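Asker: Contents of start_14.cif (mmCIF, C-alpha atoms):
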data_work
loop_
_atom_site.group_PDB
_atom_site.id
_atom_site.type_symbol
_atom_site.label_atom_id
_atom_site.label_comp_id
_atom_site.auth_asym_id
_atom_site.auth_seq_id
_atom_site.Cartn_x
_atom_site.Cartn_y
_atom_site.Cartn_z
ATOM 1 C CA SER Q 1208 10.744 3.494 -39.040
ATOM 2 C CA LEU Q 1209 12.533 0.361 -37.794
ATOM 3 C CA GLY Q 1210 9.264 -1.546 -37.476
ATOM 4 C CA THR Q 1211 9.484 -1.728 -33.681
ATOM 5 C CA LEU Q 1212 8.032 0.104 -30.710
ATOM 6 C CA TRP Q 1213 11.046 -0.716 -28.543
ATOM 7 C CA ALA Q 1214 13.966 0.894 -30.342
ATOM 8 C CA THR Q 1215 15.136 4.402 -31.135
ATOM 9 C CA PRO Q 1216 16.068 5.363 -34.727
ATOM 10 C CA ALA Q 1217 19.625 4.374 -33.755
ATOM 11 C CA GLY Q 1218 18.407 0.843 -33.013
ATOM 12 C CA LYS Q 1219 19.005 0.970 -29.269
ATOM 13 C CA ILE Q 1220 16.627 -0.651 -26.783
ATOM 14 C CA VAL Q 1221 14.911 1.965 -24.640
ATOM 15 C CA ALA Q 1222 12.619 -0.166 -22.443
ATOM 16 C CA ILE Q 1223 13.760 -3.138 -20.377
ATOM 17 C CA ASN Q 1224 12.387 -4.950 -17.333
ATOM 18 C CA ASP Q 1225 14.288 -5.367 -14.097
ATOM 19 C CA ASN Q 1226 13.283 -7.302 -10.985
ATOM 20 C CA LEU Q 1227 13.717 -4.626 -8.327
ATOM 21 C CA GLY Q 1228 11.590 -6.086 -5.533
ATOM 22 C CA GLY Q 1229 10.982 -9.447 -3.927
ATOM 23 C CA TYR Q 1230 9.118 -11.655 -1.450
ATOM 24 C CA ASP Q 1231 10.340 -13.676 1.517
ATOM 25 C CA THR Q 1232 7.772 -16.099 2.875
ATOM 26 C CA SER Q 1233 7.658 -18.978 5.343
ATOM 27 C CA GLY Q 1234 5.023 -21.209 6.887
ATOM 28 C CA ILE Q 1235 3.983 -24.794 7.483
ATOM 29 C CA ASP Q 1236 1.573 -27.041 5.587
ATOM 30 C CA PHE Q 1237 -0.076 -29.841 7.573
ATOM 31 C CA GLY Q 1238 -1.590 -33.006 6.160
ATOM 32 C CA VAL Q 1239 -3.093 -35.964 8.045
ATOM 33 C CA ASN Q 1240 -5.020 -38.988 6.747
ATOM 34 C CA TYR Q 1241 -6.702 -41.639 8.872
ATOM 35 C CA ALA Q 1242 -9.052 -44.492 7.996
ATOM 36 C CA TYR Q 1243 -11.128 -46.585 10.407
ATOM 37 C CA PRO Q 1244 -12.832 -49.833 9.356
ATOM 38 C CA LEU Q 1245 -16.465 -50.302 10.382
ATOM 39 C CA GLY Q 1246 -16.680 -54.004 9.741
ATOM 40 C CA GLY Q 1247 -19.704 -54.797 7.618
ATOM 41 C CA MET Q 1248 -20.587 -51.087 7.398
ATOM 42 C CA GLY Q 1249 -17.601 -50.060 5.292
ATOM 43 C CA THR Q 1250 -14.857 -47.564 6.191
ATOM 44 C CA VAL Q 1251 -14.699 -44.019 7.531
ATOM 45 C CA ALA Q 1252 -11.732 -41.928 6.374
ATOM 46 C CA PHE Q 1253 -10.598 -38.531 7.655
ATOM 47 C CA ASN Q 1254 -8.423 -36.050 5.786
ATOM 48 C CA TYR Q 1255 -7.006 -32.853 7.284
ATOM 49 C CA LEU Q 1256 -5.112 -30.159 5.349
ATOM 50 C CA GLY Q 1257 -3.965 -26.965 7.054
ATOM 51 C CA THR Q 1258 -1.713 -24.046 6.157
ATOM 52 C CA TRP Q 1259 -0.070 -21.698 8.640
ATOM 53 C CA LEU Q 1260 1.495 -18.588 7.116
ATOM 54 C CA ASN Q 1261 4.272 -17.369 9.395
ATOM 55 C CA LYS Q 1262 5.406 -14.424 7.285
ATOM 56 C CA TRP Q 1263 5.025 -12.895 3.839
ATOM 57 C CA GLU Q 1264 7.563 -10.090 3.626
ATOM 58 C CA PHE Q 1265 7.312 -7.858 0.585
ATOM 59 C CA GLU Q 1266 9.899 -5.348 -0.622
ATOM 60 C CA PRO Q 1267 8.477 -3.401 -3.597
ATOM 61 C CA LEU Q 1268 11.827 -1.748 -4.354
ATOM 62 C CA LYS Q 1269 15.176 -2.893 -3.022
ATOM 63 C CA GLY Q 1270 16.342 -0.649 -0.208
ATOM 64 C CA ARG Q 1271 12.922 0.920 0.402
ATOM 65 C CA GLY Q 1272 12.091 -1.356 3.337
ATOM 66 C CA LYS Q 1273 10.194 -4.626 3.837
ATOM 67 C CA PHE Q 1274 6.783 -5.126 5.404
ATOM 68 C CA ASP Q 1275 5.099 -8.338 6.557
ATOM 69 C CA CYS Q 1276 1.738 -8.988 4.880
ATOM 70 C CA ALA Q 1277 0.827 -12.212 6.704
ATOM 71 C CA GLY Q 1278 -2.752 -11.764 7.889
ATOM 72 C CA PHE Q 1279 -3.378 -8.624 5.824
ATOM 73 C CA PHE Q 1280 -4.916 -7.490 2.548
ATOM 74 C CA GLY Q 1281 -4.884 -4.257 0.560
ATOM 75 C CA PRO Q 1282 -3.260 -2.466 -2.384
ATOM 76 C CA GLN Q 1283 0.256 -3.296 -1.140
ATOM 77 C CA CYS Q 1284 -0.243 -6.722 0.436
ATOM 78 C CA SER Q 1285 -2.593 -8.260 -2.136
ATOM 79 C CA GLN Q 1286 -0.433 -7.679 -5.214
ATOM 80 C CA ALA Q 1287 1.004 -11.204 -5.202
ATOM 81 C CA LYS Q 1288 -2.028 -13.441 -4.721
ATOM 82 C CA GLY Q 1289 -4.809 -11.577 -2.963
ATOM 83 C CA PRO Q 1290 -5.560 -11.616 0.803
ATOM 84 C CA LEU Q 1291 -3.130 -13.603 2.961
ATOM 85 C CA PRO Q 1292 -4.766 -15.424 5.913
ATOM 86 C CA THR Q 1293 -2.358 -16.685 8.566
ATOM 87 C CA TRP Q 1294 -4.389 -19.880 8.978
ATOM 88 C CA ARG Q 1295 -6.749 -21.916 6.821
ATOM 89 C CA HIS Q 1296 -7.735 -25.555 6.839
ATOM 90 C CA LYS Q 1297 -9.982 -28.167 5.272
ATOM 91 C CA VAL Q 1298 -11.294 -31.224 7.132
ATOM 92 C CA ARG Q 1299 -13.068 -33.971 5.211
ATOM 93 C CA ALA Q 1300 -14.804 -37.109 6.498
ATOM 94 C CA THR Q 1301 -15.793 -39.805 4.005
ATOM 95 C CA TRP Q 1302 -17.901 -42.882 4.610
ATOM 96 C CA ALA Q 1303 -17.333 -45.578 2.010
ATOM 97 C CA THR Q 1304 -20.289 -47.926 2.365
ATOM 98 C CA PRO Q 1305 -20.357 -51.564 1.239
ATOM 99 C CA TRP Q 1306 -23.157 -50.654 -1.202
ATOM 100 C CA ASP Q 1307 -20.950 -48.741 -3.692
ATOM 101 C CA VAL Q 1308 -22.030 -45.415 -2.196
ATOM 102 C CA GLN Q 1309 -19.679 -42.818 -0.716
ATOM 103 C CA VAL Q 1310 -20.855 -39.920 1.459
ATOM 104 C CA ALA Q 1311 -18.583 -37.033 2.456
ATOM 105 C CA ALA Q 1312 -18.743 -33.885 4.572
ATOM 106 C CA THR Q 1313 -16.151 -31.091 4.462
ATOM 107 C CA TRP Q 1314 -15.406 -28.143 6.745
ATOM 108 C CA ARG Q 1315 -13.385 -25.262 5.268
ATOM 109 C CA HIS Q 1316 -12.071 -22.510 7.543
ATOM 110 C CA ILE Q 1317 -10.353 -19.202 6.699
ATOM 111 C CA ASN Q 1318 -9.016 -16.966 9.468
ATOM 112 C CA LYS Q 1319 -9.937 -13.292 9.543
ATOM 113 C CA ILE Q 1320 -7.700 -10.963 7.532
ATOM 114 C CA LEU Q 1321 -7.090 -7.329 8.460
ATOM 115 C CA ASP Q 1322 -6.777 -4.327 6.187
ATOM 116 C CA GLU Q 1323 -3.088 -3.528 5.802
ATOM 117 C CA THR Q 1324 -3.637 -0.068 7.320
ATOM 118 C CA MET Q 1325 -4.371 -1.840 10.632
ATOM 119 C CA SER Q 1326 -0.763 -3.087 10.740
ATOM 120 C CA SER Q 1327 1.647 -1.586 13.270
ATOM 121 C CA ASP Q 1328 4.290 -1.377 10.534
ATOM 122 C CA PRO Q 1329 4.792 2.310 9.616
ATOM 123 C CA LEU Q 1330 5.189 1.299 5.960
ATOM 124 C CA LEU Q 1331 1.581 0.053 5.972
ATOM 125 C CA ASN Q 1332 -0.467 1.608 8.753
ATOM 126 C CA GLY Q 1333 -2.900 4.409 8.180
ATOM 127 C CA HIS Q 1334 -6.637 5.052 8.203
ATOM 128 C CA THR Q 1335 -9.518 3.133 6.672
ATOM 129 C CA ASP Q 1336 -13.269 3.151 7.220
ATOM 130 C CA ALA Q 1337 -15.090 0.518 9.256
ATOM 131 C CA THR Q 1338 -16.269 -1.414 6.180
ATOM 132 C CA ASN Q 1339 -12.714 -2.193 5.147
ATOM 133 C CA ARG Q 1340 -11.073 -2.963 8.472
ATOM 134 C CA GLU Q 1341 -11.226 -6.734 8.166
ATOM 135 C CA LEU Q 1342 -12.343 -9.698 6.154
ATOM 136 C CA ALA Q 1343 -14.103 -11.663 8.891
ATOM 137 C CA ALA Q 1344 -13.332 -15.349 9.390
ATOM 138 C CA ARG Q 1345 -15.393 -17.732 7.302
ATOM 139 C CA ASP Q 1346 -16.461 -21.347 7.831
ATOM 140 C CA TYR Q 1347 -17.950 -23.270 4.921
ATOM 141 C CA PHE Q 1348 -19.561 -26.716 5.058
ATOM 142 C CA ASP Q 1349 -19.949 -28.968 2.028
ATOM 143 C CA ILE Q 1350 -21.642 -32.336 1.523
ATOM 144 C CA ALA Q 1351 -21.314 -34.759 -1.364
ATOM 145 C CA ALA Q 1352 -22.242 -38.297 -2.357
ATOM 146 C CA SER Q 1353 -21.417 -40.660 -5.191
ATOM 147 C CA TRP Q 1354 -22.974 -43.937 -6.312
ATOM 148 C CA ASN Q 1355 -21.210 -46.431 -8.540
ATOM 149 C CA ILE Q 1356 -24.260 -47.949 -10.192
ATOM 150 C CA ASN Q 1357 -22.162 -50.476 -12.075
ATOM 151 C CA LYS Q 1358 -18.813 -50.629 -13.889
ATOM 152 C CA THR Q 1359 -20.076 -48.149 -16.478
ATOM 153 C CA PHE Q 1360 -22.178 -45.529 -14.686
ATOM 154 C CA THR Q 1361 -21.498 -43.288 -11.674
ATOM 155 C CA VAL Q 1362 -23.738 -40.534 -10.307
ATOM 156 C CA ARG Q 1363 -22.424 -37.720 -8.109
ATOM 157 C CA ALA Q 1364 -24.242 -34.929 -6.269
ATOM 158 C CA GLY Q 1365 -23.484 -32.418 -3.579
ATOM 159 C CA ILE Q 1366 -23.863 -28.980 -2.066
ATOM 160 C CA ASN Q 1367 -20.963 -26.581 -1.526
ATOM 161 C CA ASN Q 1368 -21.439 -23.842 1.073
ATOM 162 C CA LEU Q 1369 -24.389 -25.718 2.533
ATOM 163 C CA PHE Q 1370 -25.535 -22.859 4.793
ATOM 164 C CA ASP Q 1371 -25.223 -20.213 2.043
ATOM 165 C CA LYS Q 1372 -22.634 -18.138 3.891
ATOM 166 C CA ASP Q 1373 -22.029 -14.755 2.226
ATOM 167 C CA PRO Q 1374 -18.447 -13.665 1.501
ATOM 168 C CA PRO Q 1375 -16.964 -10.739 3.448
ATOM 169 C CA ILE Q 1376 -17.573 -7.435 1.677
ATOM 170 C CA VAL Q 1377 -15.277 -4.438 1.238
ATOM 171 C CA THR Q 1378 -15.489 -1.302 -0.883
ATOM 172 C CA ASN Q 1379 -14.718 -1.470 -4.584
ATOM 173 C CA SER Q 1380 -11.362 0.261 -4.192
ATOM 174 C CA LEU Q 1381 -10.089 -2.574 -1.973
ATOM 175 C CA ALA Q 1382 -11.494 -5.401 -4.117
ATOM 176 C CA ASP Q 1383 -10.024 -4.095 -7.360
ATOM 177 C CA PRO Q 1384 -9.118 -6.625 -10.093
ATOM 178 C CA SER Q 1385 -5.507 -5.418 -9.907
ATOM 179 C CA ILE Q 1386 -5.260 -7.105 -6.481
ATOM 180 C CA PHE Q 1387 -7.360 -10.157 -7.413
ATOM 181 C CA GLY Q 1388 -10.673 -8.716 -6.231
ATOM 182 C CA ASN Q 1389 -14.042 -8.680 -7.968
ATOM 183 C CA GLY Q 1390 -17.582 -7.736 -6.948
ATOM 184 C CA ASN Q 1391 -16.561 -6.172 -3.599
ATOM 185 C CA THR Q 1392 -14.884 -9.370 -2.394
ATOM 186 C CA PHE Q 1393 -12.123 -11.849 -3.291
ATOM 187 C CA PRO Q 1394 -13.659 -14.817 -5.156
ATOM 188 C CA GLN Q 1395 -10.392 -16.759 -5.325
ATOM 189 C CA LEU Q 1396 -10.577 -17.121 -1.527
ATOM 190 C CA TYR Q 1397 -14.291 -16.954 -0.647
ATOM 191 C CA ASP Q 1398 -17.477 -18.479 -2.086
ATOM 192 C CA ALA Q 1399 -18.703 -15.363 -3.869
ATOM 193 C CA LEU Q 1400 -21.815 -16.981 -5.389
ATOM 194 C CA GLY Q 1401 -23.157 -18.543 -2.197
ATOM 195 C CA ARG Q 1402 -24.617 -22.054 -2.089
ATOM 196 C CA LEU Q 1403 -23.759 -24.285 -5.059
ATOM 197 C CA VAL Q 1404 -25.746 -27.443 -5.845
ATOM 198 C CA PHE Q 1405 -24.312 -29.868 -8.382
ATOM 199 C CA VAL Q 1406 -25.272 -33.186 -9.974
ATOM 200 C CA ASN Q 1407 -23.345 -35.086 -12.614
ATOM 201 C CA ALA Q 1408 -23.275 -38.487 -14.233
ATOM 202 C CA VAL Q 1409 -20.229 -40.278 -15.610
ATOM 203 C CA ALA Q 1410 -20.255 -43.089 -18.141
ATOM 204 C CA LYS Q 1411 -17.142 -45.162 -18.900
ATOM 205 C CA PHE Q 1412 -16.975 -47.169 -22.104
#
Have the structure of the file written as structure tokens, please.

Answerer:
Amino acid sequence: SLGTLWATPAGKIVAINDNLGGYDTSGIDFGVNYAYPLGGMGTVAFNYLGTWLNKWEFEPLKGRGKFDCAGFFGPQCSQAKGPLPTWRHKVRATWATPWDVQVAATWRHINKILDETMSSDPLLNGHTDATNRELAARDYFDIAASWNINKTFTVRAGINNLFDKDPPIVTNSLADPSIFGNGNTFPQLYDALGRLVFVNAVAKF
């Protein structure tokens, strides 16, 4: 034995990796910030972040053909990072009061995503049952507040997914861990655990 799992008795390497496929993606990220003074009532600030995915072409093996996964999910299209919505955004409004208290509200939106078999591309299209045809659009609303008690102590609290919106559900075969799924959904994209209430305190010394 040569003490290796990767060589023959002659000492030659028998297993190597080669990058035979690839991705070609394009899109636009938007970001806008605006603040408006309220005089003696503090300041209101708005923050907008949006992402438009124009294309996400995937070629598993060079020469086998490319297919566009923008707006789709499934065993082929979710290999890179899970479902691929064509549009998602986050809008946040923050009121900074003159009393060392900040209050914020956030709206998160994710466009609907279709099962890859619903694509018109012959490399993807096929048949799926009604449960798996789409991940419906989701809108989440969050609220949060913080209070700087003094130079040492700060208290923060909030609620994510205020209205306890459930994530879209698909069958286990389409939410497999190999394509970043878990528990019949995709927790890296949706709030799988529902409403989340948090409170924390920070002390600086």

Asker: Taking all atoms listed in the file into account, which of Q:Gln1395, Q:Thr1301, Q:Thr1324, Q:Thr1313 comes nearest Ser1353 (chain Q)?

Answerer: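 Once distances to Ser1353 (chain Q) are computed over all atoms listed in the file, the minimum belongs to Q:Thr1301.
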
Asker: Residues near region 1356-1362 of chain Q, anyone? I mean within 6 Å using only C-alpha atoms, not counting same-chain ones fewer than 6 positions away, as a PyMOL selection string.

Answerer: chain Q and resi 1407-1411

Asker: Since we have the selection now, will you write its residues out, keeping C-alpha atoms, as a compact mmCIF listing (two decimals), in the coordinates of the input?

Answerer:
# COMPACT_ATOMS: atom_id res chain seq x y z
CA ASN Q 1407 -23.34 -35.09 -12.61
CA ALA Q 1408 -23.28 -38.49 -14.23
CA VAL Q 1409 -20.23 -40.28 -15.61
CA ALA Q 1410 -20.26 -43.09 -18.14
CA LYS Q 1411 -17.14 -45.16 -18.90

Asker: Using all atoms listed in the file and a cutoff of 12 Å, can you tell me which residues are near (-17.6, -2.7, -1.2) in the file's coordinates, and write them out as number ranges by chain?

Answerer: Q: 1336-1340, 1342, 1374-1383, 1388-1393

Asker: May I ask for the distance between CA of Ala1312 (chain Q) and CA of Asp1236 (chain Q), given in Å to one decimal place?

Answerer: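 So the two atoms, CA of Ala1312 (chain Q) and CA of Asp1236 (chain Q), lie 21.5 Å apart.
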
Asker: Which distance in Å separates CA of Trp1259 (chain Q) and CA of Gly1278 (chain Q), to one decimal?

Answerer: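 According to the coordinates, CA of Trp1259 (chain Q) and CA of Gly1278 (chain Q) are separated by 10.3 Å.
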
Asker: Just want the 10 Å neighbourhood of Leu1321 (chain Q), counted on only C-alpha atoms, with same-chain residues fewer than 4 positions away dropped. Output as a PyMOL selection string.

Answerer: chain Q and resi 1276-1281+1290-1292+1325-1326+1339-1343

Asker: Can you give me, as a PyMOL selection string, the residues this file yields under the PyMOL selection byres ((chain Q and resi 1261) around 8)?

Answerer: chain Q and resi 1232-1235+1259-1260+1262-1263+1277+1293

Asker: Go through Q:Asp1225, Q:Tyr1243, Q:Gly1249, Q:Phe1237 and flag the residue nearest Trp1294 (chain Q), using all atoms listed in the file for the distances.

Answerer: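 Selected residue with least distance to Trp1294 (chain Q): Q:Phe1237.
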
Asker: Please expand the PyMOL selection byres ((chain Q and resi 1364-1367) around 8) into the concrete residues it hits in this file, giving the result as a ChimeraX atom specification.

Answerer: /Q:1347-1353,1362-1363,1368-1369,1402-1407

Asker: Choose the residue, out of Q:Leu1331, Q:Gly1257, Q:Gly1270, Q:Asp1275, that has the smallest atom-to-atom separation from Asp1231 (chain Q); count all atoms listed in the file.

Answerer: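 Going through Q:Leu1331, Q:Gly1257, Q:Gly1270, Q:Asp1275 one by one, the smallest distance to Asp1231 (chain Q) is for Q:Asp1275.
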
Asker: Of the candidates Q:Tyr1230, Q:Cys1284, Q:Lys1372, Q:Gly1401, which one gets nearest to Arg1345 (chain Q) if we count all atoms listed in the file?

Answerer: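 That would be Q:Lys1372, the residue with the smallest distance to Arg1345 (chain Q).
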
Asker: Go through Q:His1296, Q:Thr1250, Q:Thr1258, Q:Gly1289 one by one, measure the shortest atom-to-atom distance of each to Val1310 (chain Q) using all atoms listed in the file, and give the residue with the smallest value.

Answerer: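 Counting all atoms listed in the file, the residue closest to Val1310 (chain Q) is Q:Thr1250.
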
Asker: Please compute the CA of Pro1394 (chain Q)-CA of Phe1265 (chain Q) distance, one decimal, in Å.

Answerer: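 Separation of CA of Pro1394 (chain Q) and CA of Phe1265 (chain Q): 22.8 Å.
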
Asker: Kindly add N, CA and C atoms to the incomplete region 1308-1343 of chain Q and provide the output as a compact mmCIF listing (two decimals), in the coordinates of the input.

Answerer:
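rebuild10.txt written:
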# COMPACT_ATOMS: atom_id res chain seq x y z
N VAL Q 1308 -21.67 -46.82 -2.42
CA VAL Q 1308 -22.03 -45.42 -2.20
C VAL Q 1308 -21.01 -44.79 -1.25
N GLN Q 1309 -20.56 -43.59 -1.59
CA GLN Q 1309 -19.68 -42.82 -0.72
C GLN Q 1309 -20.37 -41.51 -0.33
N VAL Q 1310 -20.27 -41.16 0.95
CA VAL Q 1310 -20.86 -39.92 1.46
C VAL Q 1310 -19.75 -39.14 2.16
N ALA Q 1311 -19.67 -37.84 1.89
CA ALA Q 1311 -18.58 -37.03 2.46
C ALA Q 1311 -19.11 -35.70 2.98
N ALA Q 1312 -18.46 -35.21 4.03
CA ALA Q 1312 -18.74 -33.88 4.57
C ALA Q 1312 -17.41 -33.16 4.76
N THR Q 1313 -17.39 -31.87 4.41
CA THR Q 1313 -16.15 -31.09 4.46
C THR Q 1313 -16.38 -29.79 5.22
N TRP Q 1314 -15.41 -29.43 6.05
CA TRP Q 1314 -15.41 -28.14 6.74
C TRP Q 1314 -14.20 -27.35 6.28
N ARG Q 1315 -14.45 -26.16 5.72
CA ARG Q 1315 -13.38 -25.26 5.27
C ARG Q 1315 -13.37 -24.02 6.15
N HIS Q 1316 -12.20 -23.68 6.66
CA HIS Q 1316 -12.07 -22.51 7.54
C HIS Q 1316 -11.00 -21.56 7.02
N ILE Q 1317 -11.31 -20.25 7.07
CA ILE Q 1317 -10.35 -19.20 6.70
C ILE Q 1317 -10.32 -18.19 7.83
N ASN Q 1318 -9.14 -17.95 8.40
CA ASN Q 1318 -9.02 -16.97 9.47
C ASN Q 1318 -9.36 -15.56 8.99
N LYS Q 1319 -9.67 -14.68 9.92
CA LYS Q 1319 -9.94 -13.29 9.54
C LYS Q 1319 -8.65 -12.64 9.03
N ILE Q 1320 -8.82 -11.66 8.15
CA ILE Q 1320 -7.70 -10.96 7.53
C ILE Q 1320 -7.94 -9.47 7.70
N LEU Q 1321 -6.95 -8.75 8.19
CA LEU Q 1321 -7.09 -7.33 8.46
C LEU Q 1321 -6.65 -6.48 7.28
N ASP Q 1322 -7.26 -5.31 7.16
CA ASP Q 1322 -6.78 -4.33 6.19
C ASP Q 1322 -5.35 -3.94 6.55
N GLU Q 1323 -4.50 -3.80 5.55
CA GLU Q 1323 -3.09 -3.53 5.80
C GLU Q 1323 -2.86 -2.25 6.61
N THR Q 1324 -3.80 -1.30 6.55
CA THR Q 1324 -3.64 -0.07 7.32
C THR Q 1324 -3.77 -0.30 8.82
N MET Q 1325 -4.26 -1.49 9.22
CA MET Q 1325 -4.37 -1.84 10.63
C MET Q 1325 -3.06 -2.38 11.18
N SER Q 1326 -2.07 -2.58 10.32
CA SER Q 1326 -0.76 -3.09 10.74
C SER Q 1326 -0.03 -2.04 11.57
N SER Q 1327 0.82 -2.51 12.48
CA SER Q 1327 1.65 -1.59 13.27
C SER Q 1327 2.88 -1.13 12.50
N ASP Q 1328 3.14 -1.75 11.35
CA ASP Q 1328 4.29 -1.38 10.53
C ASP Q 1328 4.06 0.01 9.93
N PRO Q 1329 4.98 0.95 10.16
CA PRO Q 1329 4.79 2.31 9.62
C PRO Q 1329 4.76 2.37 8.10
N LEU Q 1330 5.25 1.33 7.42
CA LEU Q 1330 5.19 1.30 5.96
C LEU Q 1330 3.79 0.95 5.45
N LEU Q 1331 2.93 0.47 6.37
CA LEU Q 1331 1.58 0.05 5.97
C LEU Q 1331 0.47 0.81 6.68
N ASN Q 1332 0.67 1.13 7.96
CA ASN Q 1332 -0.47 1.61 8.75
C ASN Q 1332 -0.99 2.95 8.26
N GLY Q 1333 -2.23 3.20 8.62
CA GLY Q 1333 -2.90 4.41 8.18
C GLY Q 1333 -4.34 4.39 8.64
N HIS Q 1334 -5.22 4.96 7.84
CA HIS Q 1334 -6.64 5.05 8.20
C HIS Q 1334 -7.49 4.39 7.14
N THR Q 1335 -8.52 3.68 7.59
CA THR Q 1335 -9.52 3.13 6.67
C THR Q 1335 -10.87 3.18 7.36
N ASP Q 1336 -11.95 3.11 6.59
CA ASP Q 1336 -13.27 3.15 7.22
C ASP Q 1336 -13.64 1.78 7.76
N ALA Q 1337 -14.71 1.74 8.55
CA ALA Q 1337 -15.09 0.52 9.26
C ALA Q 1337 -15.39 -0.64 8.31
N THR Q 1338 -15.92 -0.35 7.13
CA THR Q 1338 -16.27 -1.41 6.18
C THR Q 1338 -15.05 -2.21 5.75
N ASN Q 1339 -13.90 -1.56 5.71
CA ASN Q 1339 -12.71 -2.19 5.15
C ASN Q 1339 -11.73 -2.71 6.18
N ARG Q 1340 -12.07 -2.65 7.45
CA ARG Q 1340 -11.07 -2.96 8.47
C ARG Q 1340 -10.68 -4.43 8.52
N GLU Q 1341 -11.59 -5.32 8.15
CA GLU Q 1341 -11.23 -6.73 8.17
C GLU Q 1341 -12.12 -7.55 7.25
N LEU Q 1342 -11.56 -8.64 6.78
CA LEU Q 1342 -12.34 -9.70 6.15
C LEU Q 1342 -12.59 -10.72 7.25
N ALA Q 1343 -13.80 -10.80 7.75
CA ALA Q 1343 -14.10 -11.66 8.89
C ALA Q 1343 -13.85 -13.13 8.55
